[in-house]
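Colleague: Right, I'll just put the structure down here and ask away after.
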2 protein chains.
Amino acid sequence: MDPIKQFNEYVSRKGLKNTNQRMIILETFLASESHFSTEELYLKLREEYPKIGYATVHRTLKLFAECGIAAERNFGDGQTRFEPVHGEEHHDHLVCTSCGLIIEFEEPQIEKLQESVAATHQFTIENHRLELYGLCAACAAADQ
Amino acid sequence: MDPIKQFNEYVSRKGLKNTNQRMIILETFLASESHFSTEELYLKLREEYPKIGYATVHRTLKLFAECGIAAERNFGDGQTRFEPVHGEEHHDHLVCTSCGLIIEFEEPQIEKLQESVAATHQFTIENHRLELYGLCAACAAADQ
DNA sequence: CTAGAAAATGAAAACGATTTTCAGAAGCTA
DNA sequence: TAGCTTCTGAAAATCGTTTTCATTTTCTAG
């Protein structure tokens, strides 16, 4: 579903209000490359809309996560990042510890194995996180 | 290797000093079930050794991580946790989102698939994290 | 065994990211 | 359009973590 529509539906279902700021933040969030921290998105927005406050950006990102159009991620650098959710596909991440590059990947076989591990322990999986940390090709080459 | 020996060697190699507090913290850390946050370990220690400060517990846990007898983990509840490292085996975690239960598991096949994903992207893996979040058997049953 | 340099301790303050507060502004419903 | 509710932005509060600093402890060298 169109994320803007999805957001509007969520807002009206919850009795919330639709504001200019929220639309601006949503557009910027969707238009740009993923994995924004609150700080990064705030700084980007400020270039064009200097009146938008940090708290509003933060609250709005939380709201996006709540209504399912954003996912919260944490790659261990002490900052929470948000990425747009497209459809239902799930993906995990390769994170370059040198340059910070983030690559997304999908591997259904890993997901299957996760299910079997969970079953072994009578666990019901709700969600998971898998991150592979290391060096991207460029950084590995530069390392020589 | 014996963690206490390993710690002592690290300390003398780095020109650090061996103190009562560090030994007390190490013993308590090793003796108890894993996955302590600084706060939790501090509170536990305080029962018997009320003079030990929070900062000391924190610095000591960091030191354990540095010398390889503890691993830092983050399960998304905003607290860093430490667990004793036993030998070389690697493991991942099942985390119950209801009661907080943490189960460790190993799945070599998943590790292999991770390597192949990394290779596809010319990535060199240094480490990874895999956590499966959901309900343990008890909580799933209680949920009915 | 002891003096003295170096490191460790504990309490409190600083820190950085996130969250909350609050008064005024804006959105929505009747 | 009135009036209730939510939202906004700035600032303050919060939470976990880290640092500071005066004092104490460890340990080496004499």
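Chain labels follow the order of the structure tokens: the first chain is A, the next B, and so on; residue numbering restarts at 1 in every chain, and ligands are counted from 1 in their shown order.
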For the contact check between chain A and chain B, emit one row per residue of chain A within 12 Å, containing the shortest atom pair and the distance in Å rounded to one decimal, counting only C-alpha atoms, chain then rising number order, as a Markdown table.

Modeller:
| residue | atom | partner | partner_atom | distance |
| --- | --- | --- | --- | --- |
| A:Glu72 | CA | B:Gly76 | CA | 10.3 |
| A:Arg73 | CA | B:Gly76 | CA | 9.4 |
| A:Asn74 | CA | B:Gly76 | CA | 8.0 |
| A:Phe75 | CA | B:Arg129 | CA | 9.9 |
| A:Gly76 | CA | B:Asn74 | CA | 8.1 |
| A:Asp77 | CA | B:Asn74 | CA | 11.3 |
| A:Gly78 | CA | B:Gly78 | CA | 9.6 |
| A:Gln79 | CA | B:Gly78 | CA | 10.9 |
| A:Thr80 | CA | B:Gly76 | CA | 10.1 |
| A:Asp92 | CA | B:Leu130 | CA | 9.9 |
| A:His93 | CA | B:His128 | CA | 10.0 |
| A:Leu94 | CA | B:Ala118 | CA | 7.6 |
| A:Val95 | CA | B:Phe123 | CA | 9.1 |
| A:Cys96 | CA | B:Phe123 | CA | 8.2 |
| A:Thr97 | CA | B:Glu126 | CA | 8.8 |
| A:Ser98 | CA | B:Glu126 | CA | 11.2 |
| A:Leu101 | CA | B:Phe123 | CA | 10.9 |
| A:Ile102 | CA | B:Phe123 | CA | 11.0 |
| A:Ile103 | CA | B:His121 | CA | 8.4 |
| A:Glu104 | CA | B:His121 | CA | 10.0 |
| A:Phe105 | CA | B:Val117 | CA | 7.8 |
| A:Glu106 | CA | B:Val117 | CA | 8.7 |
| A:Glu107 | CA | B:Val117 | CA | 7.8 |
| A:Pro108 | CA | B:Leu113 | CA | 10.1 |
| A:Gln109 | CA | B:Leu113 | CA | 7.8 |
| A:Ile110 | CA | B:Ile110 | CA | 5.8 |
| A:Glu111 | CA | B:Ile110 | CA | 8.9 |
| A:Lys112 | CA | B:Ile110 | CA | 9.6 |
| A:Leu113 | CA | B:Ile110 | CA | 6.8 |
| A:Gln114 | CA | B:Leu132 | CA | 7.7 |
| A:Glu115 | CA | B:Leu132 | CA | 9.2 |
| A:Ser116 | CA | B:Glu107 | CA | 10.0 |
| A:Val117 | CA | B:Glu107 | CA | 7.8 |
| A:Ala118 | CA | B:Leu94 | CA | 7.6 |
| A:Ala119 | CA | B:Ala137 | CA | 9.8 |
| A:Thr120 | CA | B:Phe105 | CA | 10.0 |
| A:His121 | CA | B:Ala137 | CA | 7.7 |
| A:Gln122 | CA | B:Ala137 | CA | 5.2 |
| A:Phe123 | CA | B:Cys136 | CA | 4.7 |
| A:Thr124 | CA | B:Leu135 | CA | 5.1 |
| A:Ile125 | CA | B:Gly134 | CA | 4.2 |
| A:Glu126 | CA | B:Gly134 | CA | 4.5 |
| A:Asn127 | CA | B:Tyr133 | CA | 5.3 |
| A:His128 | CA | B:Leu132 | CA | 4.3 |
| A:Arg129 | CA | B:Glu131 | CA | 5.3 |
| A:Leu130 | CA | B:Leu130 | CA | 4.4 |
| A:Glu131 | CA | B:Arg129 | CA | 5.4 |
| A:Leu132 | CA | B:His128 | CA | 4.3 |
| A:Tyr133 | CA | B:Asn127 | CA | 5.3 |
| A:Gly134 | CA | B:Ile125 | CA | 4.3 |
| A:Leu135 | CA | B:Thr124 | CA | 5.1 |
| A:Cys136 | CA | B:Phe123 | CA | 4.7 |
| A:Ala137 | CA | B:Gln122 | CA | 5.2 |
| A:Ala138 | CA | B:Gln122 | CA | 8.9 |
| A:Cys139 | CA | B:Phe123 | CA | 9.4 |
| A:Ala140 | CA | B:Thr124 | CA | 7.4 |
| A:Ala141 | CA | B:Gln122 | CA | 10.4 |
| A:Asp143 | CA | B:Thr124 | CA | 11.7 |

Colleague: Pull the helix (DSSP H, G or I) assignments for chain A out of DSSP run on the backbone, and list those residues as an NGL selection string.

Modeller: :A and (3-13 or 20-31 or 38-48 or 54-67 or 108-120 or 137-142)

Colleague: Please list as a VMD selection string every residue within 10 Å of B:Phe64, counting only C-alpha atoms (C1' of nucleotides) and excluding residues in the same chain fewer than 3 positions away.

Modeller: chain B and resid 3 6 to 7 10 22 26 29 58 to 61 67 to 72 82 to 85

Colleague: Identify all chain D residues at most 10 Å from chain A by counting only C-alpha atoms (C1' of nucleotides); ligands do not count. Present them as a VMD selection string.

Modeller: chain D and resid 5 to 10

Colleague: Identify all chain C residues at most 10 Å from chain A by counting only C-alpha atoms (C1' of nucleotides); ligands do not count. Present them as an NGL selection string.

Modeller: :C and (16-20 or 26-28)

Colleague: Hey, can you check how far atom C1' of C:DA6 sits from atom C1' of D:DT28?

Modeller: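 One can read the atom C1' of C:DA6 to atom C1' of D:DT28 distance as 10.0 Å.
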
Colleague: In Å, with one decimal, what is the gap from atom CA of A:Lys62 to atom CA of B:Phe36?

Modeller: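 So the two atoms, atom CA of A:Lys62 and atom CA of B:Phe36, lie 28.3 Å apart.
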
Colleague: Grab the atom CA of B:Thr28 to atom CA of B:Lys14 distance for me, in Å with one decimal place.

Modeller: 23.2 Å

Colleague: Among the residues of stretch 11-86 of chain B, find those DSSP assigns to strand (DSSP E or B) from the backbone and print them as a VMD selection string.

Modeller: chain B and resid 36 to 37 70 to 74 80 to 84

Colleague: Could you dump the residues just selected with N, CA and C atoms as a PDB file, in the first residue's frame?

Modeller:
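And here's again-v3.pdb as it stands now:
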ATOM      1  N   PHE B  36      23.984 -10.179  32.416  1.00  0.00           N
ATOM      2  CA  PHE B  36      23.830  -9.085  33.362  1.00  0.00           C
ATOM      3  C   PHE B  36      23.938  -7.741  32.678  1.00  0.00           C
ATOM      4  N   SER B  37      23.100  -6.817  33.073  1.00  0.00           N
ATOM      5  CA  SER B  37      23.378  -5.416  32.779  1.00  0.00           C
ATOM      6  C   SER B  37      24.239  -4.876  33.921  1.00  0.00           C
ATOM      7  N   ALA B  70      34.331 -11.514  28.582  1.00  0.00           N
ATOM      8  CA  ALA B  70      32.910 -11.169  28.540  1.00  0.00           C
ATOM      9  C   ALA B  70      32.564 -10.649  27.149  1.00  0.00           C
ATOM     10  N   ALA B  71      31.321 -10.830  26.762  1.00  0.00           N
ATOM     11  CA  ALA B  71      30.837 -10.280  25.496  1.00  0.00           C
ATOM     12  C   ALA B  71      29.719  -9.309  25.787  1.00  0.00           C
ATOM     13  N   GLU B  72      29.740  -8.178  25.095  1.00  0.00           N
ATOM     14  CA  GLU B  72      28.666  -7.202  25.261  1.00  0.00           C
ATOM     15  C   GLU B  72      27.523  -7.567  24.333  1.00  0.00           C
ATOM     16  N   ARG B  73      26.328  -7.470  24.860  1.00  0.00           N
ATOM     17  CA  ARG B  73      25.139  -7.763  24.055  1.00  0.00           C
ATOM     18  C   ARG B  73      24.120  -6.660  24.253  1.00  0.00           C
ATOM     19  N   ASN B  74      23.310  -6.493  23.248  1.00  0.00           N
ATOM     20  CA  ASN B  74      22.247  -5.499  23.346  1.00  0.00           C
ATOM     21  C   ASN B  74      20.975  -6.079  22.768  1.00  0.00           C
ATOM     22  N   THR B  80      22.884  -2.353  27.942  1.00  0.00           N
ATOM     23  CA  THR B  80      23.925  -3.252  27.473  1.00  0.00           C
ATOM     24  C   THR B  80      24.068  -4.387  28.471  1.00  0.00           C
ATOM     25  N   ARG B  81      24.132  -5.584  27.978  1.00  0.00           N
ATOM     26  CA  ARG B  81      24.308  -6.739  28.861  1.00  0.00           C
ATOM     27  C   ARG B  81      25.641  -7.412  28.586  1.00  0.00           C
ATOM     28  N   PHE B  82      26.152  -8.075  29.604  1.00  0.00           N
ATOM     29  CA  PHE B  82      27.429  -8.772  29.478  1.00  0.00           C
ATOM     30  C   PHE B  82      27.220 -10.235  29.798  1.00  0.00           C
ATOM     31  N   GLU B  83      27.860 -11.095  29.019  1.00  0.00           N
ATOM     32  CA  GLU B  83      27.786 -12.522  29.325  1.00  0.00           C
ATOM     33  C   GLU B  83      29.185 -13.105  29.281  1.00  0.00           C
ATOM     34  N   PRO B  84      29.443 -14.089  30.144  1.00  0.00           N
ATOM     35  CA  PRO B  84      30.758 -14.738  30.137  1.00  0.00           C
ATOM     36  C   PRO B  84      30.991 -15.437  28.799  1.00  0.00           C
TER      37      PRO B  84
END
